[in-house]
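Structure file target-v9.cif with mmCIF, C-alpha atoms:
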data_data
#
loop_
_atom_site.label_atom_id
_atom_site.label_comp_id
_atom_site.auth_asym_id
_atom_site.auth_seq_id
_atom_site.Cartn_x
_atom_site.Cartn_y
_atom_site.Cartn_z
CA MET A 98 -55.81 -35.09 152.20
CA ALA A 99 -55.61 -38.83 152.58
CA PHE A 100 -52.43 -38.49 154.60
CA THR A 101 -54.05 -36.61 157.42
CA LEU A 102 -57.16 -38.72 157.73
CA ARG A 103 -55.83 -40.66 160.63
CA SER A 104 -53.57 -38.16 162.30
CA VAL A 105 -54.62 -37.43 165.84
CA LYS A 106 -56.16 -33.96 166.07
CA VAL A 107 -55.99 -33.79 169.84
CA PRO A 108 -53.17 -35.51 171.67
CA LEU A 109 -54.36 -38.58 173.52
CA ASN A 110 -54.87 -38.00 177.18
CA SER A 111 -56.30 -41.03 178.90
CA ALA A 112 -57.50 -40.37 182.38
CA SER A 113 -57.66 -43.97 183.49
CA LEU A 114 -56.58 -47.45 182.52
CA GLU A 115 -60.12 -48.24 181.37
CA GLU A 116 -60.12 -45.33 178.93
CA ALA A 117 -56.72 -46.37 177.62
CA ARG A 118 -57.98 -49.93 177.22
CA GLY A 119 -60.95 -48.66 175.22
CA ARG A 120 -58.57 -46.68 173.00
CA VAL A 121 -56.44 -49.78 172.42
CA PHE A 122 -59.48 -51.69 171.23
CA ASP A 123 -60.48 -48.78 168.98
CA PHE A 124 -57.00 -48.80 167.48
CA PHE A 125 -57.17 -52.55 166.95
CA ARG A 126 -60.52 -52.26 165.20
CA LYS A 127 -59.23 -49.45 163.00
CA ALA A 128 -56.21 -51.52 162.05
CA CYS A 129 -58.34 -54.58 161.28
CA ARG A 130 -60.66 -52.53 159.10
CA SER A 131 -57.72 -51.31 157.03
CA ILE A 132 -56.43 -54.84 156.44
CA PRO A 133 -58.20 -55.22 153.06
CA THR A 134 -56.60 -51.95 151.88
CA ILE A 135 -53.18 -53.09 153.06
CA MET A 136 -53.48 -56.45 151.33
CA ASP A 137 -54.48 -54.68 148.16
CA ILE A 138 -51.69 -52.08 148.25
CA TYR A 139 -48.86 -54.50 148.92
CA ASN A 140 -50.23 -57.53 147.03
CA LEU A 141 -50.08 -59.76 150.06
CA ASP A 142 -52.76 -62.18 148.88
CA ASP A 143 -50.25 -64.92 148.20
CA VAL A 144 -48.33 -64.44 151.40
CA VAL A 145 -50.82 -64.13 154.25
CA THR A 146 -54.54 -64.31 154.83
CA LYS A 147 -56.62 -61.61 156.51
CA SER A 148 -57.05 -63.67 159.65
CA GLN A 149 -53.30 -64.22 159.93
CA LEU A 150 -52.75 -60.47 159.69
CA ARG A 151 -55.35 -59.95 162.40
CA SER A 152 -53.51 -62.39 164.65
CA ILE A 153 -50.21 -60.68 163.90
CA ILE A 154 -51.64 -57.28 164.85
CA ALA A 155 -53.12 -58.79 168.02
CA SER A 156 -49.79 -60.30 169.00
CA GLU A 157 -48.02 -56.98 168.45
CA ILE A 158 -50.52 -55.32 170.77
CA ARG A 159 -50.19 -58.17 173.24
CA LYS A 160 -46.45 -57.55 173.59
CA ASN A 161 -47.29 -54.54 175.72
CA THR A 162 -49.96 -55.95 177.99
CA HIS A 163 -47.75 -55.54 181.02
CA VAL A 164 -47.93 -51.74 180.81
CA THR A 165 -50.12 -50.14 183.46
CA ASN A 166 -49.39 -46.40 183.13
CA PRO A 167 -52.09 -44.75 180.95
CA LYS A 168 -49.61 -42.17 179.64
CA VAL A 169 -47.26 -44.89 178.43
CA ILE A 170 -50.19 -46.63 176.77
CA ASP A 171 -51.05 -43.34 175.04
CA LEU A 172 -47.52 -43.07 173.75
CA LEU A 173 -47.56 -46.64 172.45
CA LEU A 174 -50.90 -45.97 170.77
CA PHE A 175 -49.49 -42.85 169.14
CA LYS A 176 -46.59 -44.84 167.76
CA GLY A 177 -48.98 -47.55 166.60
CA MET A 178 -51.19 -45.01 164.82
CA GLU A 179 -48.15 -43.51 163.14
CA GLU A 180 -47.05 -46.95 161.94
CA LEU A 181 -50.53 -47.75 160.67
CA ASN A 182 -50.68 -44.42 158.83
CA ASN A 183 -47.33 -45.08 157.21
CA ILE A 184 -48.41 -48.50 156.06
CA VAL A 185 -51.77 -47.40 154.69
CA GLU A 186 -50.42 -44.37 152.82
CA HIS A 187 -47.90 -46.65 151.07
CA ALA A 188 -44.89 -45.06 152.69
CA LYS A 189 -43.47 -48.54 153.24
CA GLN A 190 -42.74 -51.26 150.73
CA ARG A 191 -43.72 -54.86 150.43
CA HIS A 192 -40.51 -56.28 151.83
CA HIS A 193 -40.87 -54.07 154.91
CA ILE A 194 -44.29 -55.44 155.63
CA ILE A 195 -43.27 -59.02 154.99
CA GLY A 196 -40.08 -58.78 157.02
CA GLN A 197 -41.51 -56.86 159.94
CA TYR A 198 -44.92 -58.41 160.29
CA VAL A 199 -45.40 -61.56 158.31
CA LEU A 200 -42.30 -63.54 159.05
CA GLY A 201 -42.07 -65.30 162.37
CA ARG A 202 -39.69 -64.95 165.23
CA GLN A 203 -36.68 -66.11 163.25
CA GLY A 204 -37.13 -63.06 161.00
CA LEU A 205 -35.18 -62.79 157.82
CA ALA A 206 -32.18 -64.81 159.00
CA GLN A 207 -33.52 -68.32 158.91
CA ASP A 208 -31.60 -71.43 159.82
CA LEU A 209 -31.84 -73.07 156.44
CA ASP A 210 -28.34 -74.11 155.45
CA THR A 211 -26.52 -77.08 156.91
CA LYS A 212 -23.54 -74.86 157.59
CA ASP A 213 -25.59 -72.75 160.00
CA GLU A 214 -26.61 -75.66 162.16
CA GLY A 215 -23.06 -76.12 163.38
CA THR A 216 -22.76 -72.63 164.84
CA SER A 217 -22.81 -72.30 168.56
CA ASP A 218 -25.79 -71.26 170.63
CA PHE A 219 -23.83 -68.22 171.76
CA LEU A 220 -23.66 -66.93 168.21
CA LYS A 221 -27.32 -67.62 167.56
CA ASN A 222 -28.36 -65.71 170.67
CA PHE A 223 -25.96 -62.94 169.76
CA TYR A 224 -27.57 -62.55 166.35
CA LYS A 225 -30.99 -62.37 167.94
CA SER A 226 -30.46 -59.66 170.53
CA ASN A 227 -28.02 -57.81 172.77
CA TYR A 228 -29.27 -59.23 176.02
CA PHE A 229 -29.15 -62.94 176.69
CA MET B 1358 -89.67 -67.74 111.37
CA ALA B 1359 -90.54 -71.33 110.74
CA LEU B 1360 -88.29 -72.40 113.59
CA ARG B 1361 -89.98 -69.92 115.87
CA ALA B 1362 -93.36 -71.20 114.89
CA THR B 1363 -92.41 -74.82 115.51
CA VAL B 1364 -90.83 -73.96 118.85
CA LEU B 1365 -93.86 -71.98 119.95
CA ARG B 1366 -96.13 -74.82 118.94
CA HIS B 1367 -94.28 -77.22 121.19
CA ILE B 1368 -93.81 -75.15 124.30
CA ARG B 1369 -96.35 -75.76 126.96
CA LEU B 1370 -96.55 -73.90 130.24
CA PRO B 1371 -98.42 -75.47 133.12
CA VAL B 1372 -101.76 -73.75 133.46
CA GLN B 1373 -102.29 -72.32 136.93
CA THR B 1374 -105.87 -71.72 137.91
CA LEU B 1375 -106.17 -69.06 140.57
CA THR B 1376 -108.37 -70.05 143.41
CA ALA B 1377 -111.50 -68.05 144.04
CA ILE B 1378 -110.30 -67.02 147.50
CA GLY B 1379 -107.26 -65.00 146.64
CA SER B 1380 -104.68 -64.49 143.98
CA ARG B 1381 -101.51 -65.22 145.93
CA PRO B 1382 -98.65 -66.34 143.75
CA GLN B 1383 -98.42 -70.12 143.76
CA PRO B 1384 -95.64 -71.57 145.92
CA GLN B 1385 -93.69 -73.08 143.04
CA TRP B 1386 -93.21 -69.67 141.49
CA SER B 1387 -92.05 -68.08 144.72
CA PHE B 1388 -88.43 -68.34 143.65
CA LEU B 1389 -89.17 -65.93 140.82
CA ARG B 1390 -89.70 -62.93 143.10
CA LEU B 1391 -86.57 -61.40 141.66
CA PHE B 1392 -87.04 -57.80 142.73
CA SER B 1393 -88.03 -58.41 146.31
CA SER B 1394 -85.33 -58.07 148.92
CA HIS B 1395 -87.44 -59.53 151.70
CA ASP B 1396 -86.18 -63.07 151.13
CA ASP B 1397 -82.55 -62.14 151.50
CA HIS B 1398 -82.29 -62.77 155.22
CA LEU B 1399 -80.02 -65.58 156.26
CA THR B 1400 -81.65 -68.50 157.96
CA LYS B 1401 -80.84 -69.08 161.60
CA GLU B 1402 -79.08 -72.38 160.89
CA GLU B 1403 -76.86 -70.76 158.30
CA VAL B 1404 -75.94 -67.96 160.70
CA ILE B 1405 -75.17 -70.49 163.45
CA ASP B 1406 -73.04 -72.61 161.12
CA ARG B 1407 -71.02 -69.71 159.80
CA VAL B 1408 -70.50 -68.17 163.25
CA LEU B 1409 -69.28 -71.50 164.62
CA ASP B 1410 -66.94 -71.92 161.66
CA VAL B 1411 -65.41 -68.51 162.30
CA VAL B 1412 -64.94 -69.26 166.01
CA LYS B 1413 -63.49 -72.71 165.31
CA SER B 1414 -60.97 -71.41 162.81
CA PHE B 1415 -59.59 -69.01 165.40
CA PRO B 1416 -56.13 -70.40 166.16
CA LYS B 1417 -56.36 -70.19 169.93
CA VAL B 1418 -59.67 -71.96 170.19
CA ASP B 1419 -60.10 -75.66 170.91
CA ARG B 1420 -62.51 -76.85 168.22
CA SER B 1421 -64.18 -79.49 170.32
CA ARG B 1422 -65.32 -77.02 172.97
CA VAL B 1423 -67.22 -74.72 170.63
CA THR B 1424 -71.02 -74.85 170.96
CA PRO B 1425 -73.63 -72.27 169.99
CA ASP B 1426 -73.82 -70.84 173.51
CA VAL B 1427 -70.22 -70.81 174.62
CA HIS B 1428 -68.83 -67.71 176.35
CA PHE B 1429 -65.57 -66.58 174.76
CA GLN B 1430 -63.67 -65.43 177.80
CA LYS B 1431 -65.09 -67.65 180.52
CA TYR B 1432 -65.43 -70.93 178.67
CA LEU B 1433 -62.87 -70.80 175.89
CA GLY B 1434 -60.22 -69.07 177.98
CA LEU B 1435 -59.64 -66.14 175.63
CA ASP B 1436 -58.89 -62.62 176.72
CA SER B 1437 -60.58 -59.35 175.81
CA LEU B 1438 -58.31 -58.68 172.83
CA ASP B 1439 -59.20 -62.13 171.44
CA ASN B 1440 -62.84 -61.22 171.94
CA VAL B 1441 -62.43 -58.11 169.80
CA GLU B 1442 -60.53 -60.16 167.22
CA ILE B 1443 -63.34 -62.70 166.96
CA VAL B 1444 -65.89 -59.89 166.52
CA MET B 1445 -63.72 -58.44 163.74
CA ALA B 1446 -63.53 -61.87 162.10
CA LEU B 1447 -67.34 -62.07 162.23
CA GLU B 1448 -67.55 -58.59 160.69
CA GLU B 1449 -65.41 -59.80 157.82
CA GLU B 1450 -67.37 -63.02 157.34
CA PHE B 1451 -70.79 -61.36 157.24
CA LYS B 1452 -69.66 -58.15 155.54
CA LEU B 1453 -71.01 -56.02 158.39
CA GLU B 1454 -69.70 -53.06 160.27
CA ILE B 1455 -70.61 -53.42 163.91
CA PRO B 1456 -70.50 -50.16 165.93
CA ASP B 1457 -68.20 -50.16 168.93
CA LYS B 1458 -70.90 -50.02 171.56
CA GLU B 1459 -72.58 -53.11 170.17
CA ALA B 1460 -69.30 -54.90 169.61
CA ASP B 1461 -68.35 -54.49 173.25
CA LYS B 1462 -71.48 -56.36 174.29
CA ILE B 1463 -70.83 -59.40 172.12
CA ASP B 1464 -69.27 -61.74 174.63
CA SER B 1465 -70.46 -65.16 173.64
CA CYS B 1466 -71.57 -67.20 170.65
CA ASN B 1467 -75.29 -66.82 171.21
CA LEU B 1468 -75.06 -63.02 171.51
CA ALA B 1469 -73.13 -62.98 168.24
CA ILE B 1470 -75.72 -65.20 166.54
CA GLU B 1471 -78.57 -63.03 167.84
CA TYR B 1472 -76.95 -59.82 166.67
CA ILE B 1473 -76.09 -61.11 163.22
CA TYR B 1474 -79.46 -62.74 162.70
CA ASN B 1475 -81.23 -59.51 163.57
CA HIS B 1476 -78.98 -57.33 161.44
CA PRO B 1477 -80.70 -56.38 158.17
CA MET B 1478 -77.47 -56.13 156.20
CA ALA B 1479 -75.95 -59.47 157.14
CA GLY B 1480 -74.42 -61.15 154.08
#
Would you mind writing the file's structure down as C-alpha coordinates?
Amino acid sequence: MAFTLRSVKVPLNSASLEEARGRVFDFFRKACRSIPTIMDIYNLDDVVTKSQLRSIIASEIRKNTHVTNPKVIDLLLFKGMEELNNIVEHAKQRHHIIGQYVLGRQGLAQDLDTKDEGTSDFLKNFYKSNYF
Amino acid sequence: MALRATVLRHIRLPVQTLTAIGSRPQPQWSFLRLFSSHDDHLTKEEVIDRVLDVVKSFPKVDRSRVTPDVHFQKYLGLDSLDNVEIVMALEEEFKLEIPDKEADKIDSCNLAIEYIYNHPMAG
(Lines of atoms letter the chains of each structure in order from A and count residues from 1; the text may use other names and numbers.)
(Lines give C-alpha, C1' and ligand atoms only; values in the text may rest on other atoms or scores of the structure.)
Protein backbone atom coordinates (compact mmCIF):
# COMPACT_ATOMS: atom_id res chain seq x y z
CA MET A 1 0.00 0.00 0.00
CA ALA A 2 1.44 3.35 -0.93
CA PHE A 3 -0.04 4.89 2.19
CA THR A 4 1.99 2.80 4.56
CA LEU A 5 5.31 3.09 2.79
CA ARG A 6 6.55 5.76 5.07
CA SER A 7 4.79 4.95 8.30
CA VAL A 8 7.20 4.22 11.10
CA LYS A 9 7.21 0.50 11.89
CA VAL A 10 9.02 0.88 15.19
CA PRO A 11 8.48 3.99 17.27
CA LEU A 12 11.50 6.25 17.24
CA ASN A 13 13.63 5.93 20.30
CA SER A 14 16.75 8.02 20.08
CA ALA A 15 19.26 7.27 22.74
CA SER A 16 21.32 10.41 22.33
CA LEU A 17 21.26 13.81 20.71
CA GLU A 18 23.65 12.59 18.01
CA GLU A 19 21.28 9.80 17.00
CA ALA A 20 18.37 12.24 16.93
CA ARG A 21 20.44 14.61 14.82
CA GLY A 22 21.17 11.80 12.37
CA ARG A 23 17.44 11.03 12.18
CA VAL A 24 16.66 14.68 11.47
CA PHE A 25 19.06 14.66 8.54
CA ASP A 26 17.54 11.40 7.28
CA PHE A 27 14.10 12.97 7.44
CA PHE A 28 15.34 16.04 5.59
CA ARG A 29 16.86 13.91 2.85
CA LYS A 30 13.66 11.89 2.53
CA ALA A 31 11.62 15.06 2.24
CA CYS A 32 13.98 16.53 -0.37
CA ARG A 33 13.83 13.35 -2.42
CA SER A 34 10.04 13.52 -2.52
CA ILE A 35 10.04 17.13 -3.74
CA PRO A 36 9.74 16.17 -7.44
CA THR A 37 6.69 14.02 -6.60
CA ILE A 38 5.13 16.85 -4.62
CA MET A 39 5.69 19.38 -7.39
CA ASP A 40 4.11 16.98 -9.83
CA ILE A 41 1.07 16.16 -7.68
CA TYR A 42 0.16 19.73 -6.81
CA ASN A 43 1.32 21.41 -10.04
CA LEU A 44 3.65 23.77 -8.24
CA ASP A 45 5.96 24.36 -11.19
CA ASP A 46 4.70 27.89 -11.70
CA VAL A 47 4.76 28.81 -8.06
CA VAL A 48 8.05 27.64 -6.58
CA THR A 49 11.26 26.00 -7.68
CA LYS A 50 12.74 22.85 -6.17
CA SER A 51 15.50 24.78 -4.44
CA GLN A 52 13.00 27.15 -2.87
CA LEU A 53 11.06 24.19 -1.50
CA ARG A 54 14.29 22.76 -0.11
CA SER A 55 14.98 26.04 1.66
CA ILE A 56 11.44 26.13 3.00
CA ILE A 57 11.77 22.61 4.42
CA ALA A 58 15.14 23.55 5.93
CA SER A 59 13.68 26.62 7.58
CA GLU A 60 10.81 24.60 9.04
CA ILE A 61 13.33 22.20 10.55
CA ARG A 62 15.45 25.10 11.74
CA LYS A 63 12.55 26.49 13.78
CA ASN A 64 13.21 23.73 16.30
CA THR A 65 16.97 23.88 16.61
CA HIS A 66 16.74 24.99 20.20
CA VAL A 67 15.35 21.62 21.31
CA THR A 68 17.84 19.46 23.20
CA ASN A 69 15.72 16.59 24.56
CA PRO A 70 16.01 13.56 22.21
CA LYS A 71 12.47 12.44 23.04
CA VAL A 72 11.04 15.80 22.03
CA ILE A 73 13.04 15.62 18.81
CA ASP A 74 11.56 12.17 18.18
CA LEU A 75 8.09 13.55 18.64
CA LEU A 76 8.74 16.44 16.26
CA LEU A 77 10.15 13.99 13.72
CA PHE A 78 7.06 11.83 14.04
CA LYS A 79 4.85 14.82 13.37
CA GLY A 80 7.06 15.81 10.45
CA MET A 81 6.86 12.32 8.96
CA GLU A 82 3.10 12.35 9.32
CA GLU A 83 2.89 15.70 7.55
CA LEU A 84 5.17 14.50 4.77
CA ASN A 85 3.07 11.35 4.34
CA ASN A 86 -0.10 13.40 4.13
CA ILE A 87 1.38 15.66 1.50
CA VAL A 88 2.80 12.87 -0.64
CA GLU A 89 -0.33 10.73 -0.58
CA HIS A 90 -2.35 13.73 -1.82
CA ALA A 91 -4.37 14.07 1.35
CA LYS A 92 -3.86 17.83 1.15
CA GLN A 93 -4.75 20.23 -1.63
CA ARG A 94 -2.82 22.79 -3.56
CA HIS A 95 -4.00 25.78 -1.57
CA HIS A 96 -2.91 24.07 1.65
CA ILE A 97 0.60 23.62 0.36
CA ILE A 98 0.80 27.13 -1.04
CA GLY A 99 -0.64 28.75 2.07
CA GLN A 100 1.29 26.74 4.61
CA TYR A 101 4.64 26.41 2.95
CA VAL A 102 5.13 28.63 -0.03
CA LEU A 103 3.89 31.97 1.17
CA GLY A 104 6.13 33.98 3.42
CA ARG A 105 5.70 35.22 6.92
CA GLN A 106 2.79 37.48 6.08
CA GLY A 107 0.81 34.38 5.10
CA LEU A 108 -2.46 34.74 3.33
CA ALA A 109 -3.37 38.12 4.83
CA GLN A 110 -1.09 40.45 2.95
CA ASP A 111 -0.93 44.17 3.40
CA LEU A 112 -1.93 45.06 -0.12
CA ASP A 113 -4.74 47.59 0.12
CA THR A 114 -4.25 51.22 1.04
CA LYS A 115 -6.98 50.89 3.62
CA ASP A 116 -4.93 48.34 5.55
CA GLU A 117 -1.92 50.59 5.91
CA GLY A 118 -3.80 52.90 8.23
CA THR A 119 -4.55 50.23 10.82
CA SER A 120 -2.66 50.37 14.04
CA ASP A 121 0.33 48.23 14.92
CA PHE A 122 -1.70 46.73 17.75
CA LEU A 123 -4.19 45.29 15.31
CA LYS A 124 -1.49 43.98 13.01
CA ASN A 125 0.25 42.19 15.87
CA PHE A 126 -3.10 40.91 17.08
CA TYR A 127 -3.83 39.36 13.70
CA LYS A 128 -0.44 37.67 13.68
CA SER A 129 -0.48 35.93 17.05
CA ASN A 130 -1.83 35.83 20.58
CA TYR A 131 1.38 36.81 22.29
CA PHE A 132 3.02 40.13 21.58
CA MET B 1 16.23 6.19 -59.82
CA ALA B 2 17.89 8.77 -61.98
CA LEU B 3 18.09 11.14 -59.05
CA ARG B 4 19.66 8.45 -56.95
CA ALA B 5 22.20 7.73 -59.62
CA THR B 6 23.14 11.40 -60.00
CA VAL B 7 23.40 11.84 -56.24
CA LEU B 8 25.55 8.76 -55.86
CA ARG B 9 27.80 9.94 -58.64
CA HIS B 10 28.48 13.19 -56.85
CA ILE B 11 29.00 12.03 -53.31
CA ARG B 12 32.58 11.59 -52.34
CA LEU B 13 33.78 10.28 -49.01
CA PRO B 14 37.31 11.04 -47.92
CA VAL B 15 39.40 7.94 -48.40
CA GLN B 16 41.12 6.85 -45.20
CA THR B 17 44.14 4.67 -45.62
CA LEU B 18 44.80 2.55 -42.57
CA THR B 19 48.35 2.64 -41.45
CA ALA B 20 50.33 -0.57 -41.49
CA ILE B 21 50.87 -0.44 -37.72
CA GLY B 22 47.34 -0.75 -36.48
CA SER B 23 43.78 -0.22 -37.47
CA ARG B 24 42.67 2.22 -34.79
CA PRO B 25 39.75 4.36 -35.84
CA GLN B 26 40.98 7.72 -37.08
CA PRO B 27 40.55 10.61 -34.64
CA GLN B 28 38.10 12.53 -36.80
CA TRP B 29 35.64 9.67 -36.69
CA SER B 30 35.88 9.26 -32.93
CA PHE B 31 32.65 11.18 -32.44
CA LEU B 32 30.82 8.40 -34.26
CA ARG B 33 31.32 5.83 -31.49
CA LEU B 34 27.60 5.91 -30.86
CA PHE B 35 27.19 2.72 -28.88
CA SER B 36 30.07 3.17 -26.50
CA SER B 37 29.28 4.55 -23.08
CA HIS B 38 32.90 5.07 -22.13
CA ASP B 39 32.95 8.66 -23.36
CA ASP B 40 30.03 9.73 -21.22
CA HIS B 41 32.05 10.84 -18.22
CA LEU B 42 31.91 14.51 -17.42
CA THR B 43 35.14 16.41 -17.69
CA LYS B 44 36.66 17.74 -14.52
CA GLU B 45 36.17 21.37 -15.56
CA GLU B 46 32.50 20.78 -16.25
CA VAL B 47 32.04 19.13 -12.86
CA ILE B 48 33.85 22.01 -11.13
CA ASP B 49 31.78 24.62 -12.97
CA ARG B 50 28.47 22.98 -12.21
CA VAL B 51 29.33 22.33 -8.56
CA LEU B 52 30.36 25.96 -8.09
CA ASP B 53 27.16 27.14 -9.77
CA VAL B 54 25.08 25.06 -7.38
CA VAL B 55 26.96 26.38 -4.35
CA LYS B 56 26.77 29.98 -5.57
CA SER B 57 23.04 29.82 -6.16
CA PHE B 58 22.47 28.76 -2.57
CA PRO B 59 20.75 31.78 -1.00
CA LYS B 60 22.85 31.93 2.15
CA VAL B 61 26.17 31.83 0.37
CA ASP B 62 28.25 34.87 -0.52
CA ARG B 63 29.09 34.36 -4.20
CA SER B 64 32.46 36.04 -4.05
CA ARG B 65 33.83 33.67 -1.42
CA VAL B 66 33.18 30.47 -3.35
CA THR B 67 36.29 28.72 -4.68
CA PRO B 68 36.81 25.08 -5.65
CA ASP B 69 38.30 24.18 -2.27
CA VAL B 70 36.13 26.08 0.15
CA HIS B 71 34.84 24.33 3.29
CA PHE B 72 31.09 24.80 3.69
CA GLN B 73 30.84 25.13 7.44
CA LYS B 74 34.18 26.64 8.35
CA TYR B 75 34.68 29.07 5.48
CA LEU B 76 31.20 29.91 4.25
CA GLY B 77 29.65 30.00 7.71
CA LEU B 78 26.87 27.50 7.01
CA ASP B 79 25.57 24.98 9.49
CA SER B 80 25.17 21.22 9.21
CA LEU B 81 21.61 21.43 7.87
CA ASP B 82 22.83 23.77 5.11
CA ASN B 83 25.53 21.24 4.35
CA VAL B 84 22.92 18.51 3.84
CA GLU B 85 20.87 20.92 1.72
CA ILE B 86 23.82 21.66 -0.55
CA VAL B 87 24.48 17.93 -0.97
CA MET B 88 20.81 17.43 -1.89
CA ALA B 89 21.07 20.28 -4.42
CA LEU B 90 24.12 18.56 -5.94
CA GLU B 91 22.16 15.29 -6.07
CA GLU B 92 19.46 17.05 -8.04
CA GLU B 93 21.89 18.77 -10.39
CA PHE B 94 23.84 15.63 -11.29
CA LYS B 95 20.88 13.24 -11.11
CA LEU B 96 22.63 11.08 -8.52
CA GLU B 97 21.53 9.42 -5.35
CA ILE B 98 24.30 9.71 -2.80
CA PRO B 99 24.07 7.20 0.11
CA ASP B 100 23.90 8.71 3.57
CA LYS B 101 27.31 7.55 4.72
CA GLU B 102 29.01 9.20 1.76
CA ALA B 103 26.87 12.31 2.00
CA ASP B 104 27.93 12.87 5.59
CA LYS B 105 31.55 13.02 4.51
CA ILE B 106 31.03 15.70 1.87
CA ASP B 107 32.05 18.78 3.79
CA SER B 108 33.69 21.00 1.25
CA CYS B 109 33.71 21.84 -2.44
CA ASN B 110 36.71 19.72 -3.37
CA LEU B 111 35.28 16.61 -1.67
CA ALA B 112 32.05 17.16 -3.61
CA ILE B 113 33.95 17.57 -6.89
CA GLU B 114 36.01 14.43 -6.19
CA TYR B 115 32.96 12.35 -5.37
CA ILE B 116 30.95 13.47 -8.37
CA TYR B 117 33.85 13.12 -10.77
CA ASN B 118 34.46 9.57 -9.62
CA HIS B 119 30.81 8.58 -9.71
CA PRO B 120 30.03 6.51 -12.82
CA MET B 121 26.43 7.68 -13.05
CA ALA B 122 27.01 11.42 -12.82
CA GLY B 123 24.84 13.25 -15.37
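Those residues of chain B that fall within 8 Å of chain A when using all atoms listed in the file read Leu1438, Asp1439, Val1441, Glu1442, Met1445, Ala1446 and Asp1457 of chain B.
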Q: Would you mind reading off the distance between CA of Gly177 in chain A and CA of Leu1433 in chain B, one decimal, in Å?
A: 28.6 Å
Q: For the structure provided, state which residues fall under the PyMOL selection byres ((chain A and resi 196-202) around 9), and present them as a PyMOL selection string.
A: chain A and resi 144-145+149-150+153-154+157+191-195+203-205
Q | Ref. answer, residues at most 9 Å from (-62.1, -67.1, 172.1) with all atoms listed in the file, as a PyMOL selection string | A | chain B and resi 1412-1413+1415+1417-1419+1428-1437+1439-1440+1442-1443+1465
Q: Please write as number ranges by chain the full residue list that the PyMOL selection byres ((chain A and resi 174) around 10) yields on this file.
A: A: 109, 117, 120-121, 124-125, 158, 168-173, 175-180
